[in-house]
Each structure stands twice: as structure tokens, then as C-alpha cells.
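J.: Just dropping this structure here.
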Amino acid sequence: KFIDLMASYKMNVFHFHLTDDQGWRIEIKKYPRLTEVGSHRPRTQIGHSDYYYPRRYDNKEQRGYYTQDEIREIVRYAADRFITVVPEIEMPGHASAALASYPELSCGLGKTYVVRDYFDVFDEVFCPKEHTFRFLEDVLTEVMDLFPSHYIHIGGDECPKKAWKKCAHCQALMKREGLPDEEALQSWFIHRIEQFVNSRGRDIIGWDEILQGGLAPNATVMSWRGEEGGIEAARQKHRVIMTPNKQCYINYYQESPEYAPLAIGGYLPLDSVYAYDPLPAALSPEEQKYIIGTQANVWGEYIQTPETFEYMAFPRLLAQAEVQWTQPAQKDFPSFTRRLDKEFRRLDLRHVNACRNFYEVNFSGAWNAAQEAYEVSLRTFCPDAEIHYALNDSAITTSSPRYEGPIRLEQNAMVYAAVFRDGKPLGKVTRKGFTVNKATGRPYTCVPEAGWEHLNKGFGLADGVRGYARDMRRWISFYQDTVHITINLGKPCPVKEVSFASLWRPWNEIWPARAMSVSVSTDGKEFVRVGSKELHHDFTLTEGTRFPASLTFPETEATYVRLELLSGGPCPKGWFHEGNPSELALDEIEIY
């Protein structure tokens, strides 16, 4: 079904990721344990690896792989529709399933290898011994017999070097070959594999980490960690496929995580996909010729069913099709939305479970400094439609106020909205909460500076939107024991309460604040403490939690308010990362 859909939208390459830590999914005749052992795991994590403590599992056995006959059928079916299937066999990392099947391919080190039942980057890599290369060459021989594609993807991403650093064989090999470090050893490994693939008349593709230590002579680079790797490879006159995660990973959220199916994280709405130009301006026209294509990626960690897969892929894959086939000067998002409006009928007729956010309302809030007001903007991708909304009322009809421009809020509110055409609702009612108080939109300074601030840098602690435990993007992190945040209210105001929230996610070394104090000032120089308190939290909970905290004090006048926080300290005994310094992650600061 998916290959048929690809053909409909002129997608001509299907990248088939067949091996990873959580399963080996292709039959290799010479090595039957790859599927006897490597294609099976007893359970799978529930939710994000770093969200629950301890991890949760579904306790459902997972088995399965593609037989060689099934692979041939897929390749033939795709070829009949002018689609080339490019296989990927991961190396030297993402090898847990292979090492569970054949532990002798590892560096040993007394470790027991298993097919992984949760998602992470593991220190389990192929050891660059001669029998490992014989194994990989045998596997690739069978793979190349099944896939006529000129390109063979060999992975090369997320390869920790911990085992190689401890391995006597690896260290002796590095000394013998004159390799200065383990990065160079990875390059040597990839070169060795490339020579074999080239000897069969094929070329390798690798993720952009294959640049580390020196790029193999004929390799094509798939640039996923931004465009930098692709730019570097193109300047070295290597072929490049652009697939930067922030523009091309359609396993990211495409609507608000508050009411979307669980995804890996990130946020990539439809218009952002459409806007991508895979030819970086940093490259000269001659260098741009090495960009041979772009690719959308759908990784499956949190995709349990074909219906969820379709939800993640569509309609964003249609936007990606125009990225791939339309000259930038000819791209026109309003035209695209009008055509997509009709295309949804075709997707429905083909029983494709496309995301319907196209027919729903998306929200954004911002402080309007000129008007001294907080404003909420609503938008929909759907053309020729109108938006109706209400504050703190989920019953939305055509009798509800029609959205004509930014909605001004003077206090905390939940905004509900829906899209209508010809008096009929097109999608579900969506909602977003906003908090408006004396701190909203006001400038603040942090001492020390925030170590990690993903959204609204410099405004994220007072942008009118509270964070929540499942979405890490909204939180602002500090790595020091004491943090001072000073908010400039702009003029003298009566204040009597300060509140904030800190995050608890033990796997991420994130622990909530353990004490807070508030000081005020009229000139920003001399501060008077008006209150302090210790903070106590319920650590018997079993999932990541947003812990709100507030401090009230006798009303006083202030132009500057300083919040002093004591971080969670070292990660406690018996928890993840015991003894490591914890991270303090904060969201909205509110002043009343």
C-alpha cells in the first residue's frame, strides 16, 4: 500500500531500514541465528525511555522478519512502479540484535548481548576483527543479491566508541594502522566495507557521521544532523542526500503534543516541511550539483500500527514531494493547500489515515509590546474556511465569535477553536491554555545563563505558555546549583505571589528545585527578600512530572522581582545517574 502511495506522488526511492538494536528484520541464509535470535524480543517499552521510572513495558512478544522471497517480491513490486529500494544494514553501531545472535562479533569485554527492548544509543558495536568483516561481507553479498540498487546504505550513525577504547584488539589495530583515535578507526572500518561494496560494482551511502575521521572515497553522505555534514561532503565533491531532522523527520509531532499521538519529540508542521529547500545557500552552484536528492524519514519507535504510520506520513509526505520535484521559485504554499484540500478526498478513498490537523486550528501567543497586551493568534492550513473560537468554553459553533485577528487576553484563559466551511465543522475542536500575569512578556536575566533554551530564547520563561512533562521543548535548563532569575516589570507594581514549575525526569538527570526565595527591588540594584521556602515533592510517582511551586508574601510594590532557586542537587542514591549533578528545568514564571 505504501509503495503504491509513493508511486502516486512520484517518490522514486524507498530506503528500507532493516537492522537495528531492537530487531534484525531480513533473512540471511548463511547466518540463521540473525533471525532465530535477532528478530525476537520479549517486550517493548511503553512511552519514552526517559519518561517513566522505572521503565514500563507492554510484555508483548515481538517476532518477525522479511524472508528473502518476500524481499524479492517487494523489490519487484517497487520496480514495476519505478521505485528503487535501497537497503540499510547498520554498522558499526546499532548492532545489539546482531551481537545477541553472534556475540563473537563484539569486543567481548564480558558483556551479555540481548535484543534491546527499549530505545537508546547503546555501547554495542561490531569489533573490527577479520571474522567480523567476513560476516559483514557475507551479509552484504546476500543483500546485494536481493537488491539491485546501485546504492547500499551501511548506516554509520550513532556509534559510541566506549568498547573500542577498552578493547585490546582495537587499540593494537589502531597502532598498527597509524590511526590517531577511535574516530579514525570508524573511518577505517567504513573504508574497508566500502572497498568490498565497490568491488561488487555498488556504492555506499552512510549517515553524516561517516565524515568523522575522513570520508570514504566514493561514499554518498546522508545528512541528518542538520545540513552541516551535507555541506562539508559537497565541498569535498561527494554526493549528498539532504535529510536534516528539523525539516525532514516526519516522525516528529505535526500538531500540539498535548493532544497528538505519542511521537519521538520535535515539532515539524506541514508548512515547515513544504518550506524546506535542500540546496543550501552556503554552497556555490557548482557545489550544489552534488546534492542528488532529499529524503523524508519515518522512524518507528513510537509507531505501533499501520494507521499510526499513515498518520505520521500524510499529508507531510505530499509536501515533501513538492520539495523534491518543484523548483523553489515555483513553490506556492497557498496553491499547495488548495490542491491538498482536494487531495484529502483521494486519501480517504484509499483508506489512508492522514493527520487531519489541516482542518483544525493551531495556536500561538505573544506579547505585543507596542500595545502592552498579550495576543493569541489562530490559524488553519485549510483554505476558504473560517475559524470560530471561545474563551473557557469548549462548545464551538458558528454562533461563537469569528476569528478576525489576534485575541487580546488580560488574564489566564483556555482558548477553544474550530474550523468551519459553509457553516459545517471540518475538524475537531482544539484548545490551548495561556497564562497572563505581571511577568508575561517582560524581559528577564538569568545568572547563570540558561544552558539549554529551545523555544523563544530570552522569552521562554515569560511567554504565556506553561510547559508540561511530556514535551521537553518548552523547558529551560540550568546546570548550576543556584539560579537567579530577575524579571523587569517595567514599572512599579503591587506583587504578592510568585510561581513557577520545575520538571522531574530522573532518566534525564532532571530533578526539581528543592528551595525557592523571592526578593524585590524598585531600582534593580538593592533587593529585599520577601519570602523563602523549602520545596517537597512526591517521588513515589512513576512518570515524569511537572511540579508547580508558589510563594505568597505580604503585598509590596516592586519594579524588579528576583526568583532564587536551589537546584535538585546530585542525583539521589538508588536512582538513575546516582551522584551526578542534576539539571534544573523550569517553565513559566508567573507574578501576581
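Each chain in the C-alpha cells gets a letter, A, B and so on, in the order shown; residues start at 1 in every chain, and ligands are counted from 1 in the order they appear.
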Might you pull out every residue within 7 Å of Leu551 of chain A, with only C-alpha atoms counted and same-chain residues fewer than 3 positions away left off, and present them as a ChimeraX atom specification?
T.: /A:497-499
J.: List every residue of segment 83-214 of chain A that DSSP, applied to the backbone of this structure, places in strand (DSSP E or B), and write the result as an MDAnalysis selection string.
T.: chainID A and resid 84:91 151:155 203:207
J.: Restricting the calculation to only C-alpha atoms, which member of A:Ala418, A:Ala172, A:Ile28, A:Cys127 is positioned closest to Gly108 of chain A?
T.: A:Cys127
J.: By how many Å are atom CA of Leu535 of chain A and atom CA of Met516 of chain A apart?
T.: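 These atoms are spaced 7.3 Å apart.
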J.: Have a look at atom CA of Pro334 of chain A and atom CA of Tyr311 of chain A and let me know their distance in Å, one decimal.
T.: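 If I compute the distance from atom CA of Pro334 of chain A to atom CA of Tyr311 of chain A, I get 22.1 Å.
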J.: Just want the 12 Å neighbourhood of segment 185-189 of chain A, counted on only C-alpha atoms, with same-chain residues fewer than 3 positions away dropped. Output as a PyMOL selection string.
T.: chain A and resi 91-93+125-130+132-133+136+154-161+164-165+169-182+192-196+206+208-217+219
J.: Assign secondary structure with DSSP using the backbone only, and return the residues of segment 103-297 of chain A in alpha helix (DSSP H) as an NGL selection string.
T.: :A and (130-146 or 162-166 or 168-177 or 182-199 or 228-235 or 245-248 or 270-275 or 285-288)
J.: Do you know which residues are at most 10 Å from Arg239 of chain A counting only C-alpha atoms, after dropping those on the same chain fewer than 5 positions away, and could you put them as a tab-separated table (two decimals) with N, CA and C atoms, in the first residue's frame?
T.:
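Done, and the output landed in selection_26.tsv:
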```tsv
chain	number	residue	atom	x	y	z
A	205	ILE	N	26.06	4.38	0.86
A	205	ILE	CA	25.53	5.59	1.49
A	205	ILE	C	25.72	5.41	2.99
A	218	ASN	N	34.37	6.97	-2.25
A	218	ASN	CA	33.22	7.01	-3.15
A	218	ASN	C	31.88	7.10	-2.42
A	219	ALA	N	31.93	7.40	-1.13
A	219	ALA	CA	30.72	7.34	-0.32
A	219	ALA	C	29.79	8.52	-0.60
A	220	THR	N	28.49	8.24	-0.48
A	220	THR	CA	27.46	9.27	-0.52
A	220	THR	C	27.01	9.53	0.92
A	221	VAL	N	26.88	10.79	1.27
A	221	VAL	CA	26.55	11.17	2.64
A	221	VAL	C	25.08	11.52	2.74
A	222	MET	N	24.41	10.93	3.73
A	222	MET	CA	23.03	11.27	4.04
A	222	MET	C	23.05	12.17	5.27
A	230	GLY	N	26.21	17.57	5.13
A	230	GLY	CA	26.00	17.57	3.69
A	230	GLY	C	26.79	18.66	3.00
A	233	ALA	N	30.43	17.54	2.90
A	233	ALA	CA	30.64	16.49	1.92
A	233	ALA	C	30.58	17.04	0.49
A	234	ALA	N	29.62	17.93	0.21
A	234	ALA	CA	29.51	18.51	-1.13
A	234	ALA	C	30.76	19.30	-1.48
A	287	GLU	N	28.93	23.50	-6.34
A	287	GLU	CA	28.88	22.58	-5.20
A	287	GLU	C	27.48	22.02	-5.02
A	288	GLN	N	26.45	22.81	-5.31
A	288	GLN	CA	25.08	22.34	-5.17
A	288	GLN	C	24.78	21.15	-6.08
A	289	LYS	N	25.55	20.99	-7.14
A	289	LYS	CA	25.32	19.86	-8.06
A	289	LYS	C	25.54	18.51	-7.40
A	290	TYR	N	26.24	18.53	-6.25
A	290	TYR	CA	26.48	17.26	-5.55
A	290	TYR	C	25.31	16.86	-4.66
A	291	ILE	N	24.33	17.75	-4.50
A	291	ILE	CA	23.12	17.39	-3.76
A	291	ILE	C	22.23	16.62	-4.73
A	292	ILE	N	22.14	15.30	-4.56
A	292	ILE	CA	21.43	14.48	-5.54
A	292	ILE	C	19.98	14.22	-5.16
A	293	GLY	N	19.58	14.64	-3.95
A	293	GLY	CA	18.18	14.42	-3.57
A	293	GLY	C	17.94	14.77	-2.12
```
J.: Taking only C-alpha atoms into account, name the residue in A:Phe344, A:Tyr259, A:Tyr479, A:Phe539 that is nearest to Arg431 of chain A.
T.: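 With only C-alpha atoms as the atom set, the closest residue is A:Tyr259.
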J.: Name the residues in contact with segment 2-7 of chain A at a cut-off of 12 Å, using only C-alpha atoms, excluding same-chain residues fewer than 2 positions from it; report them as a VMD selection string.
T.: chain A and resid 9 to 16 74 to 85 296 306 to 307 309 to 310 313 to 315 317 to 318 320 to 321 346 to 347 350 to 353
J.: Let's have the selection written as a PDB file, in the first residue's frame, with C-alpha atoms.
T.:
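Below you can see result_10.pdb, which holds the result:
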```
ATOM      1  CA  TYR A   9       3.350  11.146  -5.647  1.00  0.00           C
ATOM      2  CA  LYS A  10       6.432  10.382  -7.771  1.00  0.00           C
ATOM      3  CA  MET A  11       8.621   9.215  -4.928  1.00  0.00           C
ATOM      4  CA  ASN A  12      11.228   7.059  -6.601  1.00  0.00           C
ATOM      5  CA  VAL A  13      13.449   5.720  -3.795  1.00  0.00           C
ATOM      6  CA  PHE A  14      12.335   3.625  -0.819  1.00  0.00           C
ATOM      7  CA  HIS A  15      15.022   3.497   1.906  1.00  0.00           C
ATOM      8  CA  PHE A  16      14.439   0.193   3.741  1.00  0.00           C
ATOM      9  CA  ILE A  74       8.904  -6.053  -2.546  1.00  0.00           C
ATOM     10  CA  VAL A  75      11.813  -5.127  -4.818  1.00  0.00           C
ATOM     11  CA  ARG A  76       9.968  -6.386  -7.902  1.00  0.00           C
ATOM     12  CA  TYR A  77       6.701  -4.687  -6.907  1.00  0.00           C
ATOM     13  CA  ALA A  78       8.528  -1.392  -6.357  1.00  0.00           C
ATOM     14  CA  ALA A  79      10.488  -1.668  -9.614  1.00  0.00           C
ATOM     15  CA  ASP A  80       7.253  -2.168 -11.546  1.00  0.00           C
ATOM     16  CA  ARG A  81       6.275   1.272 -10.196  1.00  0.00           C
ATOM     17  CA  PHE A  82       9.673   2.838 -10.985  1.00  0.00           C
ATOM     18  CA  ILE A  83      10.785   2.848  -7.361  1.00  0.00           C
ATOM     19  CA  THR A  84      14.268   1.727  -6.313  1.00  0.00           C
ATOM     20  CA  VAL A  85      14.588   0.031  -2.919  1.00  0.00           C
ATOM     21  CA  ALA A 296      11.742  12.132   4.383  1.00  0.00           C
ATOM     22  CA  PRO A 306      -0.038   0.922  10.028  1.00  0.00           C
ATOM     23  CA  GLU A 307      -2.703   3.506  10.813  1.00  0.00           C
ATOM     24  CA  PHE A 309       2.368   5.187  10.370  1.00  0.00           C
ATOM     25  CA  GLU A 310      -0.010   6.724   7.846  1.00  0.00           C
ATOM     26  CA  ALA A 313       3.496  10.274   6.934  1.00  0.00           C
ATOM     27  CA  PHE A 314       0.454  12.008   5.473  1.00  0.00           C
ATOM     28  CA  PRO A 315      -0.098  14.742   4.477  1.00  0.00           C
ATOM     29  CA  LEU A 317       4.853  13.388   2.574  1.00  0.00           C
ATOM     30  CA  LEU A 318       2.888  15.276  -0.058  1.00  0.00           C
ATOM     31  CA  GLN A 320       7.937  16.617   0.735  1.00  0.00           C
ATOM     32  CA  ALA A 321       7.014  15.540  -2.809  1.00  0.00           C
ATOM     33  CA  ARG A 346      -8.373  10.802  -2.620  1.00  0.00           C
ATOM     34  CA  LEU A 347      -6.546   9.797   0.560  1.00  0.00           C
ATOM     35  CA  ARG A 350      -7.677   4.938  -0.467  1.00  0.00           C
ATOM     36  CA  HIS A 351      -8.320   4.474   3.267  1.00  0.00           C
ATOM     37  CA  VAL A 352      -5.222   6.418   4.287  1.00  0.00           C
ATOM     38  CA  ASN A 353      -5.356   7.553   7.907  1.00  0.00           C
TER      39      ASN A 353
END
```
J.: With only C-alpha atoms as the basis for distance, which of A:Phe122, A:Glu555, A:Glu137, A:Ile190 is at the shortest distance from Lys162 of chain A?
T.: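 With only C-alpha atoms as the atom set, the closest residue is A:Phe122.
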J.: Using only C-alpha atoms for the distances, tell me which of A:Trp24, A:Tyr249, A:Phe500, A:Phe576 is nearest to Ser550 of chain A.
T.: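 Result for the nearest residue to Ser550 of chain A: A:Phe500.
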J.: What does the distance from atom CA of Ile250 of chain A to atom CA of Pro269 of chain A come to in Å, to one decimal?
T.: 8.9 Å
J.: Which residue gives the smallest distance to Pro42 of chain A among A:Gln62, A:Gln411, A:Ser519, A:Asn357, with only C-alpha atoms counted?
T.: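 Under the stated criterion, the closest residue is A:Gln62.
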J.: So that I can check the surroundings of Gly524 of chain A, please list as a PyMOL selection string every protein, DNA and RNA residue that reaches within 12 Å of it, counting only C-alpha atoms and ignoring chain neighbours fewer than 5 positions away.
T.: chain A and resi 444-445+486-492+519+558-562
J.: When distances are computed from only C-alpha atoms, which of A:Pro383, A:Pro54, A:Pro280, A:Pro32 shows the smallest separation from Asp341 of chain A?
T.: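 Looking only at the distances to Asp341 of chain A, the closest residue turns out to be A:Pro383.
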J.: For Thr141 of chain A, please output as a PyMOL selection string all residues within 12 Å (counting only C-alpha atoms; exclusion window: fewer than 5 positions along the same chain).
T.: chain A and resi 28-30+89+133-136+146-148+152+193+196-202
